[in-house]
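Novice: So here's start-v9.txt (compact mmCIF, C-alpha atoms and all ligand atoms).
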# COMPACT_ATOMS: atom_id res chain seq x y z
CA MET A 16 20.41 21.58 6.18
CA LYS A 17 17.54 19.53 7.57
CA THR A 18 14.45 21.40 8.71
CA PHE A 19 12.34 20.33 11.66
CA ALA A 20 8.99 21.44 13.04
CA VAL A 21 8.62 20.58 16.72
CA ILE A 22 4.99 20.82 17.86
CA GLY A 23 4.51 20.90 21.62
CA LEU A 24 7.19 22.44 23.80
CA GLY A 25 6.75 20.51 27.02
CA ARG A 26 9.77 18.94 28.71
CA PHE A 27 10.43 16.59 25.82
CA GLY A 28 9.66 18.87 22.88
CA SER A 29 11.58 21.88 24.18
CA ARG A 30 14.67 19.82 24.89
CA LEU A 31 14.50 18.12 21.51
CA ALA A 32 14.01 21.42 19.66
CA ALA A 33 16.93 23.12 21.43
CA ASN A 34 19.16 20.11 20.86
CA LEU A 35 18.39 19.93 17.13
CA TYR A 36 19.10 23.65 16.79
CA GLU A 37 22.35 23.36 18.74
CA ASN A 38 23.39 20.67 16.30
CA GLY A 39 22.92 22.91 13.30
CA ALA A 40 19.37 22.12 12.18
CA GLU A 41 16.74 24.65 11.24
CA VAL A 42 13.99 24.34 13.84
CA ILE A 43 10.50 25.82 13.91
CA ALA A 44 9.06 25.37 17.40
CA PHE A 45 5.31 25.56 17.89
CA ASP A 46 3.18 25.65 21.03
CA ILE A 47 -0.28 26.85 21.97
CA ASP A 48 1.08 28.28 25.22
CA PRO A 49 2.94 31.60 24.71
CA VAL A 50 4.89 31.02 27.93
CA CYS A 51 6.50 27.88 26.44
CA VAL A 52 7.19 29.78 23.23
CA ASP A 53 8.86 32.63 25.13
CA LYS A 54 10.97 30.20 27.12
CA ILE A 55 12.45 28.52 24.07
CA GLY A 56 13.13 32.01 22.63
CA ASN A 57 16.58 32.13 21.07
CA SER A 58 17.23 28.41 21.24
CA VAL A 59 15.48 27.70 17.91
CA THR A 60 15.24 29.29 14.47
CA GLN A 61 11.66 30.45 14.91
CA ALA A 62 9.23 30.02 17.82
CA ILE A 63 5.51 30.35 17.10
CA ALA A 64 2.57 30.55 19.50
CA GLY A 65 -0.58 28.99 18.10
CA ASP A 66 -2.92 26.02 17.93
CA ALA A 67 -1.45 23.33 15.67
CA CYS A 68 -4.91 21.79 15.32
CA ASP A 69 -5.59 24.75 13.03
CA ILE A 70 -4.26 23.68 9.63
CA SER A 71 -4.48 27.19 8.18
CA LEU A 72 -1.98 28.35 10.79
CA LEU A 73 0.41 25.52 9.89
CA LYS A 74 0.07 26.51 6.23
CA ARG A 75 0.72 30.17 7.03
CA PHE A 76 4.07 29.27 8.57
CA ASP A 77 4.89 26.83 5.77
CA ILE A 78 5.24 23.88 8.14
CA GLY A 79 4.52 21.59 5.17
CA SER A 80 7.96 22.30 3.71
CA CYS A 81 9.79 20.87 6.76
CA ASP A 82 11.70 17.62 6.29
CA TYR A 83 10.53 16.32 9.67
CA ALA A 84 7.69 17.15 12.03
CA ILE A 85 7.74 15.93 15.60
CA VAL A 86 4.49 15.91 17.58
CA ALA A 87 5.61 16.02 21.20
CA ILE A 88 2.21 16.00 22.88
CA GLY A 89 1.80 12.73 24.73
CA SER A 90 -0.92 13.56 27.18
CA ASN A 91 -3.76 14.41 24.79
CA LEU A 92 -4.66 11.74 22.25
CA GLY A 93 -7.30 13.86 20.48
CA VAL A 94 -4.96 16.79 19.97
CA SER A 95 -1.97 14.74 18.85
CA THR A 96 -4.18 12.78 16.44
CA LEU A 97 -5.59 15.91 14.83
CA ILE A 98 -2.18 17.54 14.54
CA THR A 99 -0.72 14.36 13.00
CA MET A 100 -3.57 14.32 10.46
CA ASN A 101 -2.89 17.97 9.62
CA LEU A 102 0.81 17.32 9.12
CA SER A 103 0.05 14.32 6.94
CA GLU A 104 -2.34 16.42 4.88
CA LEU A 105 0.40 19.00 4.39
CA GLY A 106 2.47 16.24 2.80
CA ILE A 107 5.18 15.83 5.43
CA GLU A 108 6.59 12.33 5.05
CA ASN A 109 8.58 12.12 8.23
CA ILE A 110 6.11 12.59 11.03
CA ILE A 111 7.42 11.41 14.36
CA CYS A 112 5.11 11.30 17.37
CA LYS A 113 5.35 10.84 21.07
CA ALA A 114 2.65 8.57 22.50
CA GLN A 115 1.53 7.78 26.00
CA ASN A 116 0.64 4.13 25.52
CA SER A 117 0.39 1.35 22.92
CA THR A 118 -3.18 2.22 21.85
CA HIS A 119 -2.19 5.82 21.25
CA LYS A 120 0.83 4.55 19.29
CA MET A 121 -1.30 2.28 17.10
CA ILE A 122 -3.73 5.08 16.23
CA LEU A 123 -0.96 7.52 15.31
CA GLU A 124 0.71 4.91 13.10
CA LYS A 125 -2.59 4.26 11.31
CA ILE A 126 -3.10 7.92 10.47
CA GLY A 127 0.30 8.52 8.94
CA ALA A 128 3.00 8.82 11.61
CA LYS A 129 6.19 7.25 10.32
CA GLN A 130 7.61 6.64 13.76
CA VAL A 131 5.88 6.63 17.12
CA PHE A 132 7.72 6.23 20.39
CA ILE A 133 6.65 5.88 24.00
CA PRO A 134 9.57 7.51 25.84
CA GLU A 135 8.93 5.81 29.18
CA HIS A 136 8.79 2.33 27.61
CA GLU A 137 11.87 2.85 25.51
CA PHE A 138 13.89 4.35 28.31
CA ALA A 139 12.85 1.56 30.68
CA ASP A 140 13.82 -1.14 28.14
CA ARG A 141 17.19 0.42 27.50
CA LEU A 142 17.91 1.04 31.16
CA ALA A 143 17.01 -2.57 31.98
CA LEU A 144 19.33 -3.83 29.27
CA SER A 145 22.20 -1.62 30.38
CA LEU A 146 21.73 -2.60 34.05
CA ILE A 147 21.63 -6.29 33.24
CA SER A 148 24.59 -5.79 30.95
CA SER A 149 26.72 -4.15 33.61
CA ASP A 150 25.89 -7.00 36.03
CA LYS A 151 27.40 -9.46 33.60
CA SER A 152 30.19 -7.12 32.52
CA ILE A 153 28.77 -6.81 29.05
CA MET A 154 30.41 -3.78 27.54
CA ASP A 155 28.01 -1.52 25.73
CA TYR A 156 25.31 -1.67 23.13
CA ILE A 157 24.59 0.29 19.99
CA GLU A 158 20.99 1.22 19.30
CA LEU A 159 20.06 0.52 15.68
CA SER A 160 16.37 1.36 15.94
CA ASP A 161 13.66 1.30 18.57
CA LYS A 162 13.62 -2.52 18.23
CA TYR A 163 17.16 -3.65 17.40
CA ALA A 164 20.60 -3.21 18.86
CA ILE A 165 24.13 -4.56 18.80
CA ASP A 166 25.32 -5.78 22.17
CA GLU A 167 28.38 -7.38 23.70
CA THR A 168 27.96 -10.16 26.20
CA GLU A 169 30.16 -12.74 27.87
CA VAL A 170 29.70 -16.27 26.61
CA PRO A 171 26.96 -17.85 28.76
CA LYS A 172 28.29 -20.74 30.87
CA GLN A 173 26.21 -23.35 29.06
CA TRP A 174 27.79 -22.33 25.73
CA THR A 175 31.44 -22.40 26.76
CA GLY A 176 33.49 -24.94 24.87
CA LYS A 177 30.71 -25.44 22.30
CA ARG A 178 30.82 -24.84 18.56
CA VAL A 179 28.72 -21.96 17.15
CA GLY A 180 26.97 -24.53 14.95
CA ASP A 181 25.89 -26.48 18.05
CA ILE A 182 24.19 -23.68 19.94
CA ASN A 183 21.84 -22.78 17.09
CA ILE A 184 21.65 -19.18 18.28
CA ARG A 185 19.79 -17.75 15.30
CA ALA A 186 16.99 -20.31 15.22
CA LYS A 187 16.62 -20.65 18.99
CA HIS A 188 17.17 -17.05 20.10
CA GLY A 189 16.60 -14.86 17.02
CA VAL A 190 20.06 -13.33 17.40
CA ASN A 191 23.13 -13.35 15.14
CA ILE A 192 26.75 -13.42 16.24
CA ILE A 193 28.56 -10.75 14.21
CA GLY A 194 31.89 -10.98 15.99
CA ILE A 195 33.78 -12.47 18.90
CA ARG A 196 36.02 -10.32 21.01
CA HIS A 197 39.23 -11.72 22.48
CA GLY A 198 40.69 -8.87 24.53
CA ASP A 199 41.47 -6.10 22.04
CA ASP A 200 41.07 -8.37 19.00
CA VAL A 201 37.80 -9.01 17.22
CA GLU A 202 37.23 -12.14 15.18
CA VAL A 203 34.64 -11.49 12.46
CA GLU A 204 34.88 -14.64 10.41
CA ILE A 205 32.55 -16.79 12.44
CA THR A 206 31.83 -20.28 11.12
CA PRO A 207 29.73 -23.12 12.55
CA ASP A 208 33.06 -24.63 13.75
CA THR A 209 34.14 -21.57 15.74
CA VAL A 210 34.47 -22.65 19.37
CA LEU A 211 33.23 -20.34 22.14
CA ASP A 212 35.82 -20.15 24.85
CA GLU A 213 35.18 -18.88 28.36
CA SER A 214 37.14 -15.66 28.01
CA ALA A 215 35.49 -14.60 24.74
CA VAL A 216 32.87 -11.87 24.44
CA LEU A 217 30.11 -12.27 21.88
CA ILE A 218 29.09 -9.34 19.68
CA LEU A 219 25.42 -9.90 18.92
CA ILE A 220 22.75 -8.26 16.81
CA GLY A 221 19.06 -8.73 17.57
CA SER A 222 16.00 -7.31 19.27
CA TYR A 223 16.31 -5.73 22.72
CA ASP A 224 14.19 -8.52 24.08
CA ALA A 225 16.29 -11.32 22.63
CA LEU A 226 19.55 -9.63 23.69
CA ARG A 227 18.24 -9.17 27.22
CA LYS A 228 17.34 -12.88 27.44
CA ILE A 229 20.82 -13.94 26.35
CA SER A 230 22.48 -11.55 28.76
CA LYS A 231 20.51 -13.18 31.60
CA MET A 232 21.58 -16.75 30.72
P1 LIG B 1 6.14 16.54 28.35
O1 LIG B 1 7.11 16.53 27.21
O2 LIG B 1 6.33 17.71 29.24
O3 LIG B 1 6.09 15.21 29.07
P2 LIG B 1 3.42 15.84 27.54
O4 LIG B 1 3.70 14.70 26.62
O5 LIG B 1 2.92 15.51 28.91
O6 LIG B 1 4.70 16.79 27.65
P3 LIG B 1 1.64 18.07 27.26
O7 LIG B 1 2.33 18.68 28.44
O8 LIG B 1 0.18 17.84 27.37
O9 LIG B 1 2.38 16.73 26.79
O10 LIG B 1 1.86 18.95 25.97
C1 LIG B 1 3.14 19.30 25.53
C2 LIG B 1 3.08 20.72 25.00
O11 LIG B 1 2.18 20.76 23.90
C3 LIG B 1 2.57 21.74 26.00
O12 LIG B 1 3.53 22.78 26.15
C4 LIG B 1 1.26 22.25 25.40
O13 LIG B 1 1.06 23.64 25.62
C5 LIG B 1 1.48 21.97 23.91
N1 LIG B 1 0.21 21.83 23.18
C6 LIG B 1 -0.92 21.22 23.60
N2 LIG B 1 -1.91 21.33 22.69
C7 LIG B 1 -1.38 22.01 21.65
C8 LIG B 1 -1.90 22.46 20.37
N3 LIG B 1 -3.14 22.22 20.01
N4 LIG B 1 -1.05 23.14 19.56
C9 LIG B 1 0.22 23.41 19.92
N5 LIG B 1 0.76 23.03 21.10
C10 LIG B 1 -0.03 22.33 21.95
In structure tokens, how does this file's structure come out?

Specialist:
Amino acid sequence: MKTFAVIGLGRFGSRLAANLYENGAEVIAFDIDPVCVDKIGNSVTQAIAGDACDISLLKRFDIGSCDYAIVAIGSNLGVSTLITMNLSELGIENIICKAQNSTHKMILEKIGAKQVFIPEHEFADRLALSLISSDKSIMDYIELSDKYAIDETEVPKQWTGKRVGDINIRAKHGVNIIGIRHGDDVEVEITPDTVLDESAVLILIGSYDALRKISKM
């Protein structure tokens, strides 16, 4: 069973902690505010009230043995930096942090966070992609990471009737075609001679940005 320490039980941290626990993980939830700790109560394995800037406290509760530590304190750069340094010092490899902006993200990455996310940015990017997608009746997309996804999109008008080799999608757009949907059938053997017909749907892999640009064509 994977073990998680969730530090900071605001809206994001408390929801994440409860969700991980519901899905069978062992979760130690940590917050300086006893009210937040009381609220999460039975929804985690153990809820601790204390200051995570204090490394001796983290050691006392053996936070260093967790597989993952999530620092869910976006609003205070100083505090999240110090806590991330403490967790790194305890030897936790998978430190995941919430940041408020790109500068905050860069600092946390430099001091040992393995993954840093800015929830508002990521949600906005994904919402934009899904809204654009539904406009063009693109089906759905699969998130692969915070940068890359697989998406389905109708063949843009300027590509219909063309060969895959002619549109140069990888070099020009940084995206690969991994399949072409024809109704319920999916063609996966794509060659430069494959012709893109109007009714086909492209299955693409690439960055959110690149996928969004193609879906707008
Ligand atoms: P939200 O998820 O609600 O958007 P946020 O990113 O705005 O949260 P804060 O509300 O500032 O961040 O902090 C999240 C939680 O972290 C709060 O419940 C706060 O009490 C807790 N917290 C702040 N400092 C510490 C600390 N030193 N040790 C442990 N918990 C802390």

Novice: Could you pull the residues within 6 Å of stretch 30-39 of chain A, counting only C-alpha atoms, minus those fewer than 2 positions along the same chain, as a PyMOL selection string?

Specialist: chain A and resi 27-28+42+58-59

Novice: Enumerate, in order of chain and increasing residue number, the residues of chain A with an atom no farther than 6 Å from ligand LIG 1 (chain B), each with its shortest atom pair and distance in Å to one decimal, counting only C-alpha atoms and all ligand atoms, as a tab-separated table.

Specialist:
residue	atom	partner	partner_atom	distance
A:Ile22	CA	B:LIG1	N5	5.8
A:Gly23	CA	B:LIG1	O11	3.3
A:Leu24	CA	B:LIG1	O12	4.4
A:Gly25	CA	B:LIG1	O2	3.6
A:Arg26	CA	B:LIG1	O2	3.7
A:Phe27	CA	B:LIG1	O1	3.6
A:Gly28	CA	B:LIG1	O1	5.5
A:Phe45	CA	B:LIG1	C9	5.9
A:Asp46	CA	B:LIG1	N5	3.6
A:Ile47	CA	B:LIG1	C9	4.0
A:Asp48	CA	B:LIG1	O13	4.7
A:Cys51	CA	B:LIG1	O12	5.9
A:Gly65	CA	B:LIG1	C9	5.9
A:Asp66	CA	B:LIG1	N4	3.8
A:Ala67	CA	B:LIG1	N4	3.9
A:Cys68	CA	B:LIG1	N3	5.0
A:Ala87	CA	B:LIG1	O4	5.9
A:Ile88	CA	B:LIG1	O9	4.0
A:Gly89	CA	B:LIG1	O4	3.3
A:Ser90	CA	B:LIG1	O8	4.4
A:Asn91	CA	B:LIG1	O8	5.8
A:Val94	CA	B:LIG1	N3	5.7

Novice: Go through A:Asp212, A:Glu135, A:Asp200, A:Asp69 one by one, measure the shortest atom-to-atom distance of each to A:Arg178 using all atoms listed in the file, and give the residue with the smallest value.

Specialist: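 The shortest atom-to-atom distance to A:Arg178 comes from A:Asp212.
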
Novice: Between atom CA of A:Leu105 and atom CA of A:Gly79, what distance in Å does the model show, to one decimal?

Specialist: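 According to the coordinates, atom CA of A:Leu105 and atom CA of A:Gly79 are separated by 4.9 Å.
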
Novice: Just checking: using only C-alpha atoms, which residue out of A:Val203, A:Ile63, A:Val216, A:Ile157 ends up closest to A:Thr175?

Specialist: A:Val216

Novice: Would you list the contacts of A:Ala84 as a PDB file with C-alpha atoms, keeping the file's coordinate frame, taking every protein, DNA or RNA residue within 9 Å and counting all atoms listed in the file, but skipping same-chain residues closer than 2 positions in sequence?

Specialist:
ATOM      1  CA  THR A  18      14.450  21.400   8.710  1.00  0.00           C
ATOM      2  CA  PHE A  19      12.340  20.330  11.660  1.00  0.00           C
ATOM      3  CA  ALA A  20       8.990  21.440  13.040  1.00  0.00           C
ATOM      4  CA  VAL A  21       8.620  20.580  16.720  1.00  0.00           C
ATOM      5  CA  ILE A  22       4.990  20.820  17.860  1.00  0.00           C
ATOM      6  CA  ILE A  78       5.240  23.880   8.140  1.00  0.00           C
ATOM      7  CA  GLY A  79       4.520  21.590   5.170  1.00  0.00           C
ATOM      8  CA  CYS A  81       9.790  20.870   6.760  1.00  0.00           C
ATOM      9  CA  ASP A  82      11.700  17.620   6.290  1.00  0.00           C
ATOM     10  CA  VAL A  86       4.490  15.910  17.580  1.00  0.00           C
ATOM     11  CA  THR A  99      -0.720  14.360  13.000  1.00  0.00           C
ATOM     12  CA  LEU A 102       0.810  17.320   9.120  1.00  0.00           C
ATOM     13  CA  ILE A 107       5.180  15.830   5.430  1.00  0.00           C
ATOM     14  CA  GLU A 108       6.590  12.330   5.050  1.00  0.00           C
ATOM     15  CA  ASN A 109       8.580  12.120   8.230  1.00  0.00           C
ATOM     16  CA  ILE A 110       6.110  12.590  11.030  1.00  0.00           C
ATOM     17  CA  ILE A 111       7.420  11.410  14.360  1.00  0.00           C
ATOM     18  CA  CYS A 112       5.110  11.300  17.370  1.00  0.00           C
TER      19      CYS A 112
END

Novice: Using all atoms listed in the file for the distances, tell me which of A:Lys74, A:Glu167, A:Lys113, A:Leu226 is nearest to A:Arg141.

Specialist: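 Distance minimum relative to A:Arg141 lands on A:Leu226.
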
Novice: Figure out the distance between atom CA of A:Ala44 and atom CA of A:Ala64, please, to one decimal in Å.

Specialist: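 According to the coordinates, atom CA of A:Ala64 and atom CA of A:Ala44 are separated by 8.6 Å.
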
Novice: Hey, what's within 8 Å of A:Ile229 if we count all atoms listed in the file and toss same-chain stuff fewer than 4 positions away? As an mmCIF file with C-alpha atoms, in the coordinates of the input, please?

Specialist:
data_model
loop_
_atom_site.group_PDB
_atom_site.id
_atom_site.type_symbol
_atom_site.label_atom_id
_atom_site.label_comp_id
_atom_site.auth_asym_id
_atom_site.auth_seq_id
_atom_site.Cartn_x
_atom_site.Cartn_y
_atom_site.Cartn_z
ATOM 1 C CA PRO A 171 26.960 -17.850 28.760
ATOM 2 C CA HIS A 188 17.170 -17.050 20.100
ATOM 3 C CA ALA A 225 16.290 -11.320 22.630
#

Novice: Distance atom CA of A:Ser230-atom CA of A:Thr209, one decimal place?

Specialist: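 These atoms are spaced 20.1 Å apart.
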
Novice: Measuring between all atoms listed in the file, which one of A:Asp181, A:Val131, A:Lys228, A:Leu144 shows the shortest distance to A:Glu158?

Specialist: A:Leu144

Novice: From the options A:Leu73, A:Leu123, A:Val210, A:Val170, which residue's atoms come nearest to A:Ser95, counting all atoms listed in the file?

Specialist: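 Result for the nearest residue to A:Ser95: A:Leu123.
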
Novice: Choose the residue, out of A:Glu202, A:Glu137, A:Asp208, A:Glu213, that has the smallest atom-to-atom separation from A:Glu169; count all atoms listed in the file.

Specialist: A:Glu213

Novice: Quick one: stretch 83-100 of chain A with N, CA, C and O atoms, as a PDB file, in the frame of the given file?

Specialist:
ATOM      1  N   TYR A  83      11.048  17.144   8.558  1.00  0.00           N
ATOM      2  CA  TYR A  83      10.530  16.320   9.670  1.00  0.00           C
ATOM      3  C   TYR A  83       9.575  17.156  10.517  1.00  0.00           C
ATOM      4  O   TYR A  83       9.797  18.352  10.710  1.00  0.00           O
ATOM      5  N   ALA A  84       8.534  16.486  11.019  1.00  0.00           N
ATOM      6  CA  ALA A  84       7.690  17.150  12.030  1.00  0.00           C
ATOM      7  C   ALA A  84       7.588  16.206  13.217  1.00  0.00           C
ATOM      8  O   ALA A  84       7.353  15.001  13.057  1.00  0.00           O
ATOM      9  N   ILE A  85       7.814  16.749  14.382  1.00  0.00           N
ATOM     10  CA  ILE A  85       7.740  15.930  15.600  1.00  0.00           C
ATOM     11  C   ILE A  85       6.577  16.435  16.435  1.00  0.00           C
ATOM     12  O   ILE A  85       6.507  17.620  16.778  1.00  0.00           O
ATOM     13  N   VAL A  86       5.636  15.536  16.738  1.00  0.00           N
ATOM     14  CA  VAL A  86       4.490  15.910  17.580  1.00  0.00           C
ATOM     15  C   VAL A  86       4.806  15.424  18.989  1.00  0.00           C
ATOM     16  O   VAL A  86       4.758  14.231  19.287  1.00  0.00           O
ATOM     17  N   ALA A  87       5.163  16.382  19.846  1.00  0.00           N
ATOM     18  CA  ALA A  87       5.610  16.020  21.200  1.00  0.00           C
ATOM     19  C   ALA A  87       4.528  16.327  22.217  1.00  0.00           C
ATOM     20  O   ALA A  87       4.740  17.067  23.177  1.00  0.00           O
ATOM     21  N   ILE A  88       3.337  15.795  21.953  1.00  0.00           N
ATOM     22  CA  ILE A  88       2.210  16.000  22.880  1.00  0.00           C
ATOM     23  C   ILE A  88       1.696  14.618  23.246  1.00  0.00           C
ATOM     24  O   ILE A  88       0.933  14.002  22.510  1.00  0.00           O
ATOM     25  N   GLY A  89       2.166  14.101  24.372  1.00  0.00           N
ATOM     26  CA  GLY A  89       1.800  12.730  24.730  1.00  0.00           C
ATOM     27  C   GLY A  89       0.503  12.641  25.503  1.00  0.00           C
ATOM     28  O   GLY A  89      -0.196  11.632  25.457  1.00  0.00           O
ATOM     29  N   SER A  90       0.155  13.710  26.193  1.00  0.00           N
ATOM     30  CA  SER A  90      -0.920  13.560  27.180  1.00  0.00           C
ATOM     31  C   SER A  90      -2.328  13.755  26.599  1.00  0.00           C
ATOM     32  O   SER A  90      -3.303  13.542  27.299  1.00  0.00           O
ATOM     33  N   ASN A  91      -2.429  14.175  25.341  1.00  0.00           N
ATOM     34  CA  ASN A  91      -3.760  14.410  24.790  1.00  0.00           C
ATOM     35  C   ASN A  91      -3.899  13.710  23.435  1.00  0.00           C
ATOM     36  O   ASN A  91      -3.438  14.208  22.407  1.00  0.00           O
ATOM     37  N   LEU A  92      -4.539  12.557  23.459  1.00  0.00           N
ATOM     38  CA  LEU A  92      -4.660  11.740  22.250  1.00  0.00           C
ATOM     39  C   LEU A  92      -5.394  12.484  21.139  1.00  0.00           C
ATOM     40  O   LEU A  92      -4.969  12.465  19.986  1.00  0.00           O
ATOM     41  N   GLY A  93      -6.504  13.158  21.489  1.00  0.00           N
ATOM     42  CA  GLY A  93      -7.300  13.860  20.480  1.00  0.00           C
ATOM     43  C   GLY A  93      -6.477  14.915  19.772  1.00  0.00           C
ATOM     44  O   GLY A  93      -6.459  14.991  18.531  1.00  0.00           O
ATOM     45  N   VAL A  94      -5.756  15.706  20.546  1.00  0.00           N
ATOM     46  CA  VAL A  94      -4.960  16.790  19.970  1.00  0.00           C
ATOM     47  C   VAL A  94      -3.825  16.234  19.121  1.00  0.00           C
ATOM     48  O   VAL A  94      -3.608  16.664  17.981  1.00  0.00           O
ATOM     49  N   SER A  95      -3.102  15.236  19.639  1.00  0.00           N
ATOM     50  CA  SER A  95      -1.970  14.740  18.850  1.00  0.00           C
ATOM     51  C   SER A  95      -2.463  14.044  17.588  1.00  0.00           C
ATOM     52  O   SER A  95      -1.798  14.094  16.548  1.00  0.00           O
ATOM     53  N   THR A  96      -3.639  13.430  17.638  1.00  0.00           N
ATOM     54  CA  THR A  96      -4.180  12.780  16.440  1.00  0.00           C
ATOM     55  C   THR A  96      -4.523  13.828  15.369  1.00  0.00           C
ATOM     56  O   THR A  96      -4.147  13.687  14.206  1.00  0.00           O
ATOM     57  N   LEU A  97      -5.193  14.873  15.788  1.00  0.00           N
ATOM     58  CA  LEU A  97      -5.590  15.910  14.830  1.00  0.00           C
ATOM     59  C   LEU A  97      -4.371  16.590  14.224  1.00  0.00           C
ATOM     60  O   LEU A  97      -4.309  16.827  13.007  1.00  0.00           O
ATOM     61  N   ILE A  98      -3.397  16.877  15.048  1.00  0.00           N
ATOM     62  CA  ILE A  98      -2.180  17.540  14.540  1.00  0.00           C
ATOM     63  C   ILE A  98      -1.452  16.614  13.552  1.00  0.00           C
ATOM     64  O   ILE A  98      -1.000  17.036  12.490  1.00  0.00           O
ATOM     65  N   THR A  99      -1.386  15.330  13.895  1.00  0.00           N
ATOM     66  CA  THR A  99      -0.720  14.360  13.000  1.00  0.00           C
ATOM     67  C   THR A  99      -1.457  14.298  11.657  1.00  0.00           C
ATOM     68  O   THR A  99      -0.830  14.265  10.585  1.00  0.00           O
ATOM     69  N   MET A 100      -2.791  14.315  11.703  1.00  0.00           N
ATOM     70  CA  MET A 100      -3.570  14.320  10.460  1.00  0.00           C
ATOM     71  C   MET A 100      -3.281  15.573   9.650  1.00  0.00           C
ATOM     72  O   MET A 100      -3.116  15.527   8.429  1.00  0.00           O
TER      73      MET A 100
END
